[in-house]
>>> print(open('work.txt').read())   # compact mmCIF, C-alpha atoms (C1' of nucleotides)
# COMPACT_ATOMS: atom_id res chain seq x y z
CA MET A 3 111.86 122.04 -115.54
CA THR A 4 113.76 118.78 -115.93
CA LYS A 5 111.92 115.52 -115.70
CA LYS A 6 113.74 114.71 -112.50
CA ASP A 7 112.41 117.87 -110.88
CA ALA A 8 108.92 117.15 -112.18
CA ILE A 9 109.09 113.73 -110.57
CA LEU A 10 110.17 115.24 -107.24
CA GLN A 11 107.45 117.84 -107.38
CA ALA A 12 104.72 115.34 -108.18
CA ALA A 13 106.03 112.94 -105.55
CA THR A 14 105.95 115.69 -102.92
CA TYR A 15 102.35 116.41 -103.84
CA LEU A 16 101.27 112.77 -103.87
CA PHE A 17 103.19 111.75 -100.74
CA SER A 18 101.66 114.63 -98.82
CA ARG A 19 98.14 113.95 -100.04
CA LYS A 20 98.05 110.17 -99.99
CA GLY A 21 101.09 109.15 -97.99
CA PHE A 22 104.21 107.34 -99.11
CA LYS A 23 102.89 103.82 -99.20
CA ASP A 24 99.66 104.69 -100.97
CA THR A 25 101.39 106.49 -103.79
CA SER A 26 102.26 104.12 -106.61
CA MET A 27 104.95 104.54 -109.21
CA GLY A 28 102.22 104.18 -111.83
CA GLU A 29 100.45 107.26 -110.50
CA LEU A 30 103.69 109.16 -110.32
CA SER A 31 104.45 108.17 -113.89
CA LYS A 32 101.04 109.25 -115.13
CA MET A 33 101.18 112.58 -113.33
CA THR A 34 104.62 113.54 -114.63
CA GLY A 35 104.33 112.03 -118.11
CA ALA A 36 107.56 110.15 -117.42
CA ALA A 37 107.70 106.41 -117.99
CA GLU A 38 108.15 104.25 -114.92
CA GLY A 39 111.54 103.26 -116.21
CA THR A 40 112.58 106.91 -116.28
CA ILE A 41 111.74 107.32 -112.62
CA PHE A 42 114.00 104.42 -111.77
CA TYR A 43 116.67 105.83 -114.02
CA HIS A 44 116.81 108.98 -111.87
CA PHE A 45 116.19 107.34 -108.48
CA LYS A 46 117.34 103.91 -107.50
CA ASN A 47 114.11 103.20 -105.67
CA LYS A 48 111.01 104.73 -104.17
CA GLN A 49 112.65 105.34 -100.82
CA GLU A 50 115.38 107.35 -102.53
CA ILE A 51 112.74 109.70 -103.93
CA PHE A 52 111.48 110.26 -100.43
CA LEU A 53 114.95 110.88 -99.03
CA THR A 54 115.68 113.36 -101.81
CA ILE A 55 112.53 115.29 -100.94
CA LEU A 56 113.55 115.31 -97.28
CA ARG A 57 117.08 116.46 -98.17
CA ASN A 58 115.68 119.29 -100.29
CA LEU A 59 113.24 120.21 -97.54
CA LYS A 60 116.08 120.53 -95.08
CA ASP A 61 118.34 122.44 -97.46
CA GLY A 62 115.52 124.74 -98.53
CA ILE A 63 113.97 125.49 -95.18
CA LEU A 64 116.74 125.46 -92.61
CA PRO A 65 118.64 128.42 -94.06
CA GLU A 66 115.41 130.41 -94.12
CA PHE A 67 114.72 129.62 -90.47
CA GLU A 68 118.32 130.30 -89.50
CA ARG A 69 118.27 133.62 -91.28
CA TYR A 70 115.07 134.57 -89.48
CA ARG A 71 116.50 133.58 -86.13
CA LYS A 72 119.54 135.77 -86.51
CA VAL A 73 117.71 138.91 -87.48
CA GLU A 74 118.39 141.55 -84.84
CA SER A 75 115.21 142.96 -83.44
CA GLU A 76 114.10 145.81 -81.25
CA LYS A 77 111.31 143.68 -79.86
CA THR A 78 111.10 142.11 -76.44
CA GLY A 79 111.66 138.37 -76.23
CA LEU A 80 108.00 137.83 -75.44
CA ASP A 81 106.99 139.67 -78.61
CA MET A 82 109.57 137.61 -80.48
CA VAL A 83 107.88 134.42 -79.33
CA GLU A 84 104.62 135.69 -80.78
CA GLU A 85 106.35 136.62 -84.00
CA SER A 86 108.07 133.23 -84.17
CA ILE A 87 104.73 131.48 -83.86
CA SER A 88 103.38 133.58 -86.73
CA PHE A 89 106.50 132.90 -88.73
CA TYR A 90 106.21 129.16 -88.21
CA LEU A 91 102.52 129.15 -89.11
CA TYR A 92 103.30 131.22 -92.19
CA MET A 93 106.08 128.86 -93.29
CA THR A 94 103.89 125.81 -92.87
CA LYS A 95 101.20 127.46 -94.95
CA THR A 96 103.49 128.31 -97.86
CA ARG A 97 105.00 124.79 -97.83
CA GLU A 98 101.99 122.82 -96.82
CA ASN A 99 102.94 119.72 -98.77
CA LEU A 100 106.37 119.50 -97.20
CA PHE A 101 105.15 119.98 -93.66
CA SER A 102 102.35 117.54 -94.23
CA ILE A 103 104.97 114.92 -95.05
CA LEU A 104 106.65 115.62 -91.71
CA HIS A 105 103.37 114.80 -89.98
CA GLN A 106 103.20 111.34 -91.43
CA ARG A 107 104.32 108.04 -90.09
CA TYR A 108 106.71 107.04 -92.81
CA PRO A 109 109.62 109.44 -92.12
CA TYR A 110 109.86 108.26 -88.50
CA GLU A 111 109.58 104.64 -89.54
CA LEU A 112 112.38 105.19 -92.04
CA ALA A 113 114.44 107.04 -89.45
CA GLU A 114 114.56 103.89 -87.36
CA THR A 115 116.68 102.10 -89.96
CA ASN A 116 118.16 104.97 -91.98
CA SER A 117 120.61 107.21 -90.18
CA GLU A 118 120.58 109.95 -92.81
CA CYS A 119 116.84 110.28 -92.42
CA ARG A 120 117.27 110.37 -88.67
CA ASP A 121 119.88 113.11 -88.94
CA ILE A 122 117.75 115.22 -91.26
CA LEU A 123 114.70 115.01 -89.02
CA GLU A 124 116.76 115.86 -85.98
CA ALA A 125 118.31 118.87 -87.71
CA ILE A 126 114.90 120.11 -88.81
CA TYR A 127 113.31 119.83 -85.38
CA ASN A 128 116.30 121.30 -83.61
CA CYS A 129 116.09 124.27 -85.91
CA PHE A 130 112.40 124.75 -85.16
CA LEU A 131 113.02 124.51 -81.43
CA ASP A 132 115.97 126.90 -81.60
CA ILE A 133 113.71 129.61 -82.96
CA PHE A 134 111.46 129.44 -79.93
CA GLU A 135 114.25 128.85 -77.46
CA SER A 136 116.28 131.84 -78.53
CA ALA A 137 113.22 134.07 -78.32
CA ILE A 138 112.63 132.80 -74.79
CA THR A 139 116.21 133.33 -73.61
CA THR A 140 116.17 136.80 -75.14
CA GLY A 141 112.99 137.48 -73.21
CA GLN A 142 114.60 136.29 -70.01
CA GLN A 143 117.47 138.70 -70.55
CA ASP A 144 115.24 141.69 -71.27
CA GLY A 145 112.90 140.81 -68.44
CA SER A 146 109.78 140.19 -70.52
CA ILE A 147 109.78 136.45 -69.84
CA GLY A 148 109.86 134.84 -66.44
CA ASP A 149 112.14 132.21 -64.98
CA VAL A 150 111.12 129.14 -67.00
CA PRO A 151 113.33 126.35 -68.38
CA ALA A 152 113.98 127.69 -71.89
CA ARG A 153 114.37 124.47 -73.87
CA LYS A 154 111.43 122.71 -72.26
CA SER A 155 109.20 125.75 -72.67
CA ALA A 156 110.29 126.01 -76.29
CA LEU A 157 109.25 122.39 -76.76
CA ILE A 158 105.86 123.08 -75.20
CA VAL A 159 105.27 126.15 -77.35
CA PHE A 160 106.36 124.22 -80.41
CA SER A 161 104.03 121.34 -79.60
CA MET A 162 101.12 123.79 -79.33
CA VAL A 163 101.89 125.42 -82.64
CA ASP A 164 102.48 122.11 -84.36
CA SER A 165 99.12 120.88 -83.14
CA MET A 166 97.52 123.90 -84.79
CA VAL A 167 99.23 122.94 -88.03
CA ARG A 168 97.87 119.43 -87.65
CA PHE A 169 94.37 120.79 -87.01
CA ARG A 170 94.60 122.89 -90.13
CA MET A 171 95.93 120.13 -92.34
CA ASN A 172 93.32 117.64 -91.23
CA ASN A 173 90.58 120.25 -91.45
CA LEU A 174 89.67 119.45 -87.87
CA TYR A 175 89.46 122.98 -86.56
CA ASP A 176 89.59 126.50 -87.92
CA VAL A 177 93.01 127.62 -86.78
CA ASP A 178 92.38 131.29 -87.52
CA ALA A 179 89.63 131.20 -84.93
CA LEU A 180 92.09 129.79 -82.42
CA PHE A 181 95.10 131.92 -83.29
CA ASN A 182 94.50 134.82 -80.92
CA GLU A 183 93.82 132.52 -78.02
CA LEU A 184 96.97 130.57 -78.79
CA ILE A 185 99.06 133.75 -78.67
CA GLU A 186 97.42 134.92 -75.47
CA SER A 187 97.92 131.51 -73.87
CA CYS A 188 101.60 131.52 -74.72
CA ARG A 189 101.98 135.03 -73.34
CA ARG A 190 100.33 134.10 -70.05
CA MET A 191 102.47 130.99 -69.97
CA LEU A 192 105.76 132.79 -70.38
CA GLU A 193 105.49 136.39 -69.24
CA ASN A 194 107.44 137.74 -66.31
CA ARG A 195 105.19 138.74 -63.41
CA ASN A 196 107.78 140.15 -61.08
CA GLN A 197 108.38 143.35 -62.91
CA MET B 572 89.11 83.68 -75.52
CA THR B 573 87.23 83.10 -78.75
CA LYS B 574 89.05 83.24 -82.03
CA LYS B 575 87.14 86.38 -82.97
CA ASP B 576 88.47 88.15 -79.90
CA ALA B 577 91.97 86.90 -80.59
CA ILE B 578 91.76 88.36 -84.07
CA LEU B 579 90.63 91.72 -82.71
CA GLN B 580 93.37 91.74 -80.10
CA ALA B 581 96.09 90.88 -82.59
CA ALA B 582 94.73 93.38 -85.10
CA THR B 583 94.79 96.13 -82.47
CA TYR B 584 98.40 95.31 -81.74
CA LEU B 585 99.45 95.12 -85.38
CA PHE B 586 97.49 98.17 -86.53
CA SER B 587 99.00 100.26 -83.75
CA ARG B 588 102.53 99.04 -84.39
CA LYS B 589 102.60 98.93 -88.17
CA GLY B 590 99.54 100.84 -89.27
CA PHE B 591 96.40 99.60 -90.99
CA LYS B 592 97.70 99.38 -94.53
CA ASP B 593 100.98 97.71 -93.58
CA THR B 594 99.28 94.94 -91.67
CA SER B 595 98.45 92.01 -93.92
CA MET B 596 95.81 89.39 -93.37
CA GLY B 597 98.59 86.82 -93.63
CA GLU B 598 100.36 88.30 -90.62
CA LEU B 599 97.13 88.52 -88.69
CA SER B 600 96.45 84.91 -89.54
CA LYS B 601 99.89 83.77 -88.44
CA MET B 602 99.74 85.72 -85.18
CA THR B 603 96.34 84.39 -84.13
CA GLY B 604 96.72 80.86 -85.47
CA ALA B 605 93.46 81.37 -87.35
CA ALA B 606 93.30 80.61 -91.03
CA GLU B 607 92.81 83.60 -93.29
CA GLY B 608 89.40 82.28 -94.21
CA THR B 609 88.41 82.33 -90.56
CA ILE B 610 89.13 86.02 -90.34
CA PHE B 611 86.79 86.70 -93.24
CA TYR B 612 84.21 84.43 -91.72
CA HIS B 613 84.03 86.72 -88.69
CA PHE B 614 84.56 90.06 -90.45
CA LYS B 615 83.36 90.87 -93.91
CA ASN B 616 86.57 92.69 -94.76
CA LYS B 617 89.69 94.30 -93.33
CA GLN B 618 87.99 97.66 -92.85
CA GLU B 619 85.30 96.02 -90.75
CA ILE B 620 87.97 94.75 -88.35
CA PHE B 621 89.19 98.30 -87.96
CA LEU B 622 85.71 99.67 -87.39
CA THR B 623 85.03 97.01 -84.78
CA ILE B 624 88.17 98.02 -82.92
CA LEU B 625 87.11 101.67 -83.06
CA ARG B 626 83.61 100.80 -81.85
CA ASN B 627 85.03 98.84 -78.93
CA LEU B 628 87.44 101.66 -78.17
CA LYS B 629 84.59 104.11 -77.93
CA ASP B 630 82.37 101.81 -75.90
CA GLY B 631 85.21 100.90 -73.58
CA ILE B 632 86.72 104.30 -73.00
CA LEU B 633 83.93 106.85 -73.13
CA PRO B 634 82.05 105.55 -70.11
CA GLU B 635 85.28 105.62 -68.13
CA PHE B 636 85.95 109.22 -69.10
CA GLU B 637 82.34 110.23 -68.46
CA ARG B 638 82.42 108.60 -65.05
CA TYR B 639 85.60 110.47 -64.22
CA ARG B 640 84.15 113.78 -65.36
CA LYS B 641 81.12 113.49 -63.16
CA VAL B 642 82.95 112.70 -59.96
CA GLU B 643 82.27 115.48 -57.48
CA SER B 644 85.45 116.96 -56.14
CA GLU B 645 86.56 119.32 -53.42
CA LYS B 646 89.34 120.59 -55.62
CA THR B 647 89.55 123.91 -57.36
CA GLY B 648 88.99 123.98 -61.11
CA LEU B 649 92.65 124.72 -61.69
CA ASP B 650 93.66 121.64 -59.71
CA MET B 651 91.07 119.67 -61.66
CA VAL B 652 92.77 120.67 -64.90
CA GLU B 653 96.03 119.28 -63.57
CA GLU B 654 94.30 116.12 -62.47
CA SER B 655 92.59 115.77 -65.85
CA ILE B 656 95.92 115.99 -67.60
CA SER B 657 97.27 113.24 -65.37
CA PHE B 658 94.16 111.19 -65.95
CA TYR B 659 94.44 111.54 -69.70
CA LEU B 660 98.13 110.63 -69.68
CA TYR B 661 97.36 107.66 -67.47
CA MET B 662 94.59 106.44 -69.75
CA THR B 663 96.78 106.71 -72.84
CA LYS B 664 99.46 104.72 -71.07
CA THR B 665 97.21 101.85 -70.10
CA ARG B 666 95.68 101.69 -73.61
CA GLU B 667 98.70 102.62 -75.63
CA ASN B 668 97.75 100.51 -78.64
CA LEU B 669 94.31 102.04 -78.93
CA PHE B 670 95.50 105.62 -78.62
CA SER B 671 98.29 104.96 -81.05
CA ILE B 672 95.66 103.99 -83.61
CA LEU B 673 93.96 107.35 -83.05
CA HIS B 674 97.22 109.07 -83.98
CA GLN B 675 97.37 107.47 -87.37
CA ARG B 676 96.22 108.64 -90.73
CA TYR B 677 93.84 105.83 -91.58
CA PRO B 678 90.95 106.59 -89.20
CA TYR B 679 90.66 110.15 -90.55
CA GLU B 680 90.92 108.92 -94.11
CA LEU B 681 88.16 106.43 -93.42
CA ALA B 682 86.09 109.10 -91.68
CA GLU B 683 85.90 111.03 -94.94
CA THR B 684 83.80 108.32 -96.56
CA ASN B 685 82.38 106.43 -93.60
CA SER B 686 79.94 108.31 -91.42
CA GLU B 687 80.00 105.81 -88.57
CA CYS B 688 83.74 106.26 -88.30
CA ARG B 689 83.29 110.01 -88.39
CA ASP B 690 80.71 109.86 -85.60
CA ILE B 691 82.86 107.67 -83.40
CA LEU B 692 85.89 109.92 -83.75
CA GLU B 693 83.82 112.99 -83.04
CA ALA B 694 82.30 111.42 -79.95
CA ILE B 695 85.72 110.41 -78.67
CA TYR B 696 87.29 113.82 -79.13
CA ASN B 697 84.30 115.67 -77.74
CA CYS B 698 84.54 113.52 -74.67
CA PHE B 699 88.23 114.33 -74.25
CA LEU B 700 87.59 118.03 -74.67
CA ASP B 701 84.66 117.99 -72.27
CA ILE B 702 86.93 116.77 -69.49
CA PHE B 703 89.16 119.79 -69.82
CA GLU B 704 86.37 122.23 -70.53
CA SER B 705 84.34 121.31 -67.50
CA ALA B 706 87.41 121.65 -65.29
CA ILE B 707 88.01 125.11 -66.74
CA THR B 708 84.42 126.31 -66.26
CA THR B 709 84.48 124.95 -62.73
CA GLY B 710 87.64 126.94 -62.15
CA GLN B 711 86.03 130.06 -63.48
CA GLN B 712 83.18 129.63 -61.06
CA ASP B 713 85.40 129.06 -58.03
CA GLY B 714 87.75 131.86 -59.07
CA SER B 715 90.86 129.76 -59.57
CA ILE B 716 90.85 130.24 -63.35
CA GLY B 717 90.77 133.58 -65.15
CA ASP B 718 88.48 134.87 -67.83
CA VAL B 719 89.49 132.70 -70.79
CA PRO B 720 87.27 131.19 -73.49
CA ALA B 721 86.63 127.75 -71.99
CA ARG B 722 86.25 125.60 -75.10
CA LYS B 723 89.18 127.12 -76.94
CA SER B 724 91.40 126.88 -73.90
CA ALA B 725 90.33 123.27 -73.46
CA LEU B 726 91.38 122.63 -77.04
CA ILE B 727 94.76 124.22 -76.43
CA VAL B 728 95.34 122.23 -73.26
CA PHE B 729 94.27 119.07 -75.03
CA SER B 730 96.58 119.74 -77.93
CA MET B 731 99.49 120.14 -75.52
CA VAL B 732 98.74 116.92 -73.72
CA ASP B 733 98.15 115.03 -76.92
CA SER B 734 101.50 116.20 -78.23
CA MET B 735 103.10 114.71 -75.13
CA VAL B 736 101.41 111.42 -75.92
CA ARG B 737 102.75 111.63 -79.46
CA PHE B 738 106.26 112.33 -78.12
CA ARG B 739 106.03 109.33 -75.86
CA MET B 740 104.70 106.98 -78.52
CA ASN B 741 107.33 107.98 -81.06
CA ASN B 742 110.06 107.89 -78.42
CA LEU B 743 110.97 111.43 -79.39
CA TYR B 744 111.19 112.89 -75.92
CA ASP B 745 111.05 111.72 -72.35
CA VAL B 746 107.61 112.89 -71.29
CA ASP B 747 108.24 112.33 -67.59
CA ALA B 748 111.00 114.94 -67.82
CA LEU B 749 108.54 117.38 -69.34
CA PHE B 750 105.54 116.60 -67.18
CA ASN B 751 106.13 119.11 -64.40
CA GLU B 752 106.80 121.90 -66.85
CA LEU B 753 103.64 121.02 -68.76
CA ILE B 754 101.58 121.32 -65.60
CA GLU B 755 103.21 124.58 -64.59
CA SER B 756 102.71 126.00 -68.07
CA CYS B 757 99.04 125.15 -68.02
CA ARG B 758 98.65 126.69 -64.60
CA ARG B 759 100.29 129.94 -65.69
CA MET B 760 98.16 129.87 -68.80
CA LEU B 761 94.86 129.54 -66.98
CA GLU B 762 95.14 130.85 -63.43
CA ASN B 763 93.20 133.84 -62.24
CA ARG B 764 95.43 136.79 -61.41
CA ASN B 765 92.86 139.20 -60.12
CA GLN B 766 92.28 137.56 -56.82
C1' DG C 571 128.55 114.19 -138.64
C1' DA C 572 129.92 110.17 -136.26
C1' DA C 573 130.53 108.24 -131.85
C1' DA C 574 129.61 108.24 -127.08
C1' DA C 575 126.87 109.30 -123.28
C1' DA C 576 122.77 110.48 -121.08
C1' DA C 577 117.85 110.38 -120.93
C1' DC C 578 113.92 108.02 -121.75
C1' DC C 579 110.56 104.36 -122.75
C1' DG C 580 106.90 100.74 -121.56
C1' DA C 581 106.16 95.83 -121.59
C1' DC C 582 107.28 92.68 -118.34
C1' DT C 583 108.25 90.07 -113.81
C1' DG C 584 107.47 87.99 -109.49
C1' DA C 585 106.04 88.87 -104.96
C1' DG C 586 102.40 90.19 -102.02
C1' DC C 587 97.87 91.65 -101.31
C1' DG C 588 92.64 91.22 -99.91
C1' DC C 589 89.31 88.21 -100.46
C1' DT C 590 86.56 83.82 -102.11
C1' DC C 591 84.96 79.34 -101.98
C1' DA C 592 84.29 74.45 -101.85
C1' DG C 593 84.74 71.71 -98.45
C1' DT C 594 85.99 69.67 -93.46
C1' DC C 595 85.35 69.35 -88.61
C1' DT C 596 82.79 69.53 -84.24
C1' DA C 597 79.08 69.52 -81.30
C1' DA C 598 74.37 70.09 -80.48
C1' DT C 599 69.59 68.40 -82.02
C1' DT C 600 66.30 65.16 -83.54
C1' DA D 647 72.50 57.06 -86.04
C1' DA D 648 71.34 60.73 -89.02
C1' DT D 649 70.86 65.61 -89.68
C1' DT D 650 72.08 70.17 -89.28
C1' DA D 651 74.37 74.48 -88.46
C1' DG D 652 78.12 77.20 -87.14
C1' DA D 653 83.17 77.47 -86.88
C1' DC D 654 86.93 76.86 -89.40
C1' DT D 655 90.28 75.74 -93.31
C1' DG D 656 93.82 76.82 -96.99
C1' DA D 657 94.52 76.62 -101.91
C1' DG D 658 93.96 79.77 -105.20
C1' DC D 659 92.02 83.95 -107.88
C1' DG D 660 92.42 88.54 -109.67
C1' DC D 661 94.85 92.39 -109.05
C1' DT D 662 98.39 95.90 -107.77
C1' DC D 663 102.78 96.94 -106.83
C1' DA D 664 108.03 98.23 -106.95
C1' DG D 665 111.45 97.36 -109.66
C1' DT D 666 113.94 95.39 -114.29
C1' DC D 667 115.49 95.21 -118.86
C1' DG D 668 116.40 95.59 -123.71
C1' DG D 669 115.87 98.90 -126.74
C1' DT D 670 115.10 103.80 -128.64
C1' DT D 671 115.66 108.75 -128.77
C1' DT D 672 118.03 112.94 -127.57
C1' DT D 673 122.02 115.48 -126.28
C1' DT D 674 126.85 116.19 -125.88
C1' DT D 675 131.51 115.76 -127.36
C1' DC D 676 135.22 115.75 -130.52
>>> encode(input="work.txt", output="C-alpha cells")
Amino acid sequence: MTKKDAILQAATYLFSRKGFKDTSMGELSKMTGAAEGTIFYHFKNKQEIFLTILRNLKDGILPEFERYRKVESEKTGLDMVEESISFYLYMTKTRENLFSILHQRYPYELAETNSECRDILEAIYNCFLDIFESAITTGQQDGSIGDVPARKSALIVFSMVDSMVRFRMNNLYDVDALFNELIESCRRMLENRNQ
Amino acid sequence: MTKKDAILQAATYLFSRKGFKDTSMGELSKMTGAAEGTIFYHFKNKQEIFLTILRNLKDGILPEFERYRKVESEKTGLDMVEESISFYLYMTKTRENLFSILHQRYPYELAETNSECRDILEAIYNCFLDIFESAITTGQQDGSIGDVPARKSALIVFSMVDSMVRFRMNNLYDVDALFNELIESCRRMLENRNQ
DNA sequence: GAAAAAACCGACTGAGCGCTCAGTCTAATT
DNA sequence: AATTAGACTGAGCGCTCAGTCGGTTTTTTC
C-alpha cells in the first residue's frame, strides 16, 4: 500500500472515531508512520483529505448500490423493501467507518460552502432513496404495496433504517433486537390491503 | 438578566449553531460582553457550562413532557400517538437550540466519561419514549392499536419523528411536506385491523 | 550512472485555544 | 469612613494545532 493510501485509511478511521476536528495531523502522522510534511505533500490541506475520502466513498459505494438496484428479481415489491433494508444495514456494517462519517456534522457544514461536497452528499442520499423508492413502485405495480406516495414513503423508510444505524453506531440500542419489529412495521406501513 | 444567565443563553445559541468544540471562550465573551475571566468566575470550565445547559434542559423540559403525558384524554390511543408526534415536533420547534444540542456528538462523548451527563441523557430519552409508549398501550387497551410490542414500537415511532427533526434542523427536507405522510405511515403501522 | 523528478522528512511557525491570576470596581455592612 | 466580599476584568501563560520550508532519500528516465 502506498503512503497516500495509508494516510487515507488512517484518516477514515480517525475521522469516524473522533470526528474531523478532533483528529490532528500529528496523530495521523504517528498512525501512518508518515511525516507531517508528507501528508501535506499528498494533500494540500486537511479538508482535502476529507473530500478525497468522500469522493472515494461515493465512487466505491454508489456502483454497488446501483448494481443491487438493477438486479431483476422474482420477489414482490414489498419483499424487495425488506431486502433493501437488510442490504442497507449490511452495507453500513461492512463500511462502518465510512457511514459513521456521514453521520457527523462536518460533511454538512462543509457542504454549505463547498459545492463538490454538496454534490457528493446529494448523489449518495439520492442513491439510497432510489433503492427504497424503486422497491415501492415495483410493489405498487405488482399489487403488494398500497397507494402511498413513493418518494415520501421511501424517505420515511430510509429515515427509520438510518436511525437504526445511528443506534448501532452510538451503542444506544441493540439493533438486532429491533430488526424484526422494524421489518414488520415497514410491512404494515406499506402493504396493500385491498387485495 | 444576570451575566451568568447571559453566558448560558449565548452558549446555548453558539453550541447549537457551531457545536461545543468550535465555540471558543473568546466568542462567548464577545457575544455576552463579559470578559473571559468572568465566564470562568461563574463556571469552573467550558464543560461545566455545557453540563449546566443540559441540566437546565432536563429540568425545563421533562416536567412539561410529564405533564402532557398525564393529561387524561377522551381520544383513542391511536389518535394520542398522532397528537404526541405533533407535541414532540412542536416542542422541538420552540426549543430548537436545545434539541439541536442533543443531536450533536459532544453530549454522547461526554456521557462516556461523565455519569451525570449519562443520567441526564437517559432521563430525557426515557421521557420521550414514555410519551409514545403510553399512547400505544392506551391504544391497545381501547382496541385502536394492534398487538405490537409497545416499547419497541415506541422506539421506532420516536426514531421516525426524530429523523424529521434532524431533516428540519439541517434544512435537508421540508418537514411540513412530509408531516401528513408521517402520520399516515404511523397509523398504518400501528392500527388494529381485527376490529 | 548521471540527472531529473517524485516522495519523504521533521523542526519550525504563528495563530488560536482554554484557563489563570493579580488586581479593580461596586455596593452592602460595620 | 473603613472594611469586606462578591462580581468582574483582561493581559498573558502553556499548549496544541494546521500548515510551511529547506533539505534528504528514493525512484524514474535517458
>>> closest_atom_pairs(input="work.txt", of="chain D", to="chain B", cutoff="12 Å", atoms="only C-alpha atoms (C1' of nucleotides)", output="Markdown table")
| residue | atom | partner | partner_atom | distance |
| --- | --- | --- | --- | --- |
| D:DG652 | C1' | B:Tyr612 | CA | 10.5 |
| D:DA653 | C1' | B:Thr609 | CA | 8.0 |
| D:DC654 | C1' | B:Thr609 | CA | 5.8 |
| D:DT655 | C1' | B:Ala606 | CA | 6.2 |
| D:DG656 | C1' | B:Ala606 | CA | 7.1 |
| D:DA657 | C1' | B:Gly608 | CA | 10.8 |
>>> interface_residues(input="work.txt", of="chain B", to="chain C", cutoff="10 Å", atoms="all atoms listed in the file", output="PyMOL selection string")
chain B and resi 595-597+607-608+611+615-617
>>> residues_near_point(input="work.txt", point="(102.4, 122.0, -69.1)", cutoff="9 Å", atoms="all atoms listed in the file", output="PDB file with C-alpha atoms, in the coordinates of the input")
ATOM      1  CA  SER A 155     109.200 125.750 -72.670  1.00  0.00           C
ATOM      2  CA  ILE A 158     105.860 123.080 -75.200  1.00  0.00           C
TER       3      ILE A 158
ATOM      4  CA  GLU B 653      96.030 119.280 -63.570  1.00  0.00           C
ATOM      5  CA  ILE B 656      95.920 115.990 -67.600  1.00  0.00           C
ATOM      6  CA  VAL B 728      95.340 122.230 -73.260  1.00  0.00           C
ATOM      7  CA  MET B 731      99.490 120.140 -75.520  1.00  0.00           C
ATOM      8  CA  VAL B 732      98.740 116.920 -73.720  1.00  0.00           C
ATOM      9  CA  LEU B 749     108.540 117.380 -69.340  1.00  0.00           C
ATOM     10  CA  PHE B 750     105.540 116.600 -67.180  1.00  0.00           C
ATOM     11  CA  ASN B 751     106.130 119.110 -64.400  1.00  0.00           C
ATOM     12  CA  GLU B 752     106.800 121.900 -66.850  1.00  0.00           C
ATOM     13  CA  LEU B 753     103.640 121.020 -68.760  1.00  0.00           C
ATOM     14  CA  ILE B 754     101.580 121.320 -65.600  1.00  0.00           C
ATOM     15  CA  GLU B 755     103.210 124.580 -64.590  1.00  0.00           C
ATOM     16  CA  SER B 756     102.710 126.000 -68.070  1.00  0.00           C
ATOM     17  CA  CYS B 757      99.040 125.150 -68.020  1.00  0.00           C
ATOM     18  CA  ARG B 758      98.650 126.690 -64.600  1.00  0.00           C
ATOM     19  CA  ARG B 759     100.290 129.940 -65.690  1.00  0.00           C
ATOM     20  CA  MET B 760      98.160 129.870 -68.800  1.00  0.00           C
TER      21      MET B 760
END
>>> residues_near_point(input="work.txt", point="(91.0, 120.2, -88.1)", cutoff="12 Å", atoms="all atoms listed in the file", output="PyMOL selection string")
(chain A and resi 165-180) or (chain B and resi 679+693+696+726+730)
>>> atom_distance(input="work.txt", atom1="CA of Arg57 in chain A", atom2="CA of Gly35 in chain A")
24.1 Å
>>> closest_residue(input="work.txt", among="A:Thr140, A:Ser75, A:Ser86, A:Asn194", to="chain B", atoms="all atoms listed in the file")
A:Asn194
>>> closest_residue(input="work.txt", among="A:Glu118, A:Asp24, A:Gly141, A:Leu30", to="chain B", atoms="only C-alpha atoms")
A:Asp24
>>> atom_distance(input="work.txt", atom1="CA of Gln11 in chain A", atom2="CA of Asn99 in chain A")
9.9 Å
>>> atom_distance(input="work.txt", atom1="CA of Pro109 in chain A", atom2="CA of Ile578 in chain B")
28.8 Å
>>> residues_around(input="work.txt", residues="Met662 in chain B", least_positions_apart="6", cutoff="10 Å", atoms="only C-alpha atoms (C1' of nucleotides)", output="list of chain:residue names")
B:Ile632, B:Glu635, B:Phe636, B:Ile656, B:Phe670
>>> residues_around(input="work.txt", residues="Ala682 in chain B", least_positions_apart="6", cutoff="10 Å", atoms="all atoms listed in the file", output="list in words")
Cys688, Arg689, Asp690, Ile691, Leu692 and Glu693 of chain B
>>> decode(input="work.txt", residues="range 586-599 of chain C", atoms="C-alpha atoms (C1' of nucleotides)", output="tab-separated table (two decimals), in the first residue's frame")
chain	number	residue	atom	x	y	z
C	586	DG	C1'	-5.86	30.23	18.41
C	587	DC	C1'	-7.21	27.78	22.33
C	588	DG	C1'	-8.80	27.05	27.47
C	589	DC	C1'	-7.76	28.75	31.53
C	590	DT	C1'	-5.26	31.61	35.41
C	591	DC	C1'	-4.39	35.33	38.25
C	592	DA	C1'	-3.36	39.70	40.31
C	593	DG	C1'	-5.94	43.23	40.71
C	594	DT	C1'	-10.19	46.74	40.14
C	595	DC	C1'	-14.84	48.09	40.89
C	596	DT	C1'	-19.28	48.31	43.33
C	597	DA	C1'	-22.36	48.02	46.90
C	598	DA	C1'	-23.60	46.37	51.25
C	599	DT	C1'	-22.02	46.19	56.30
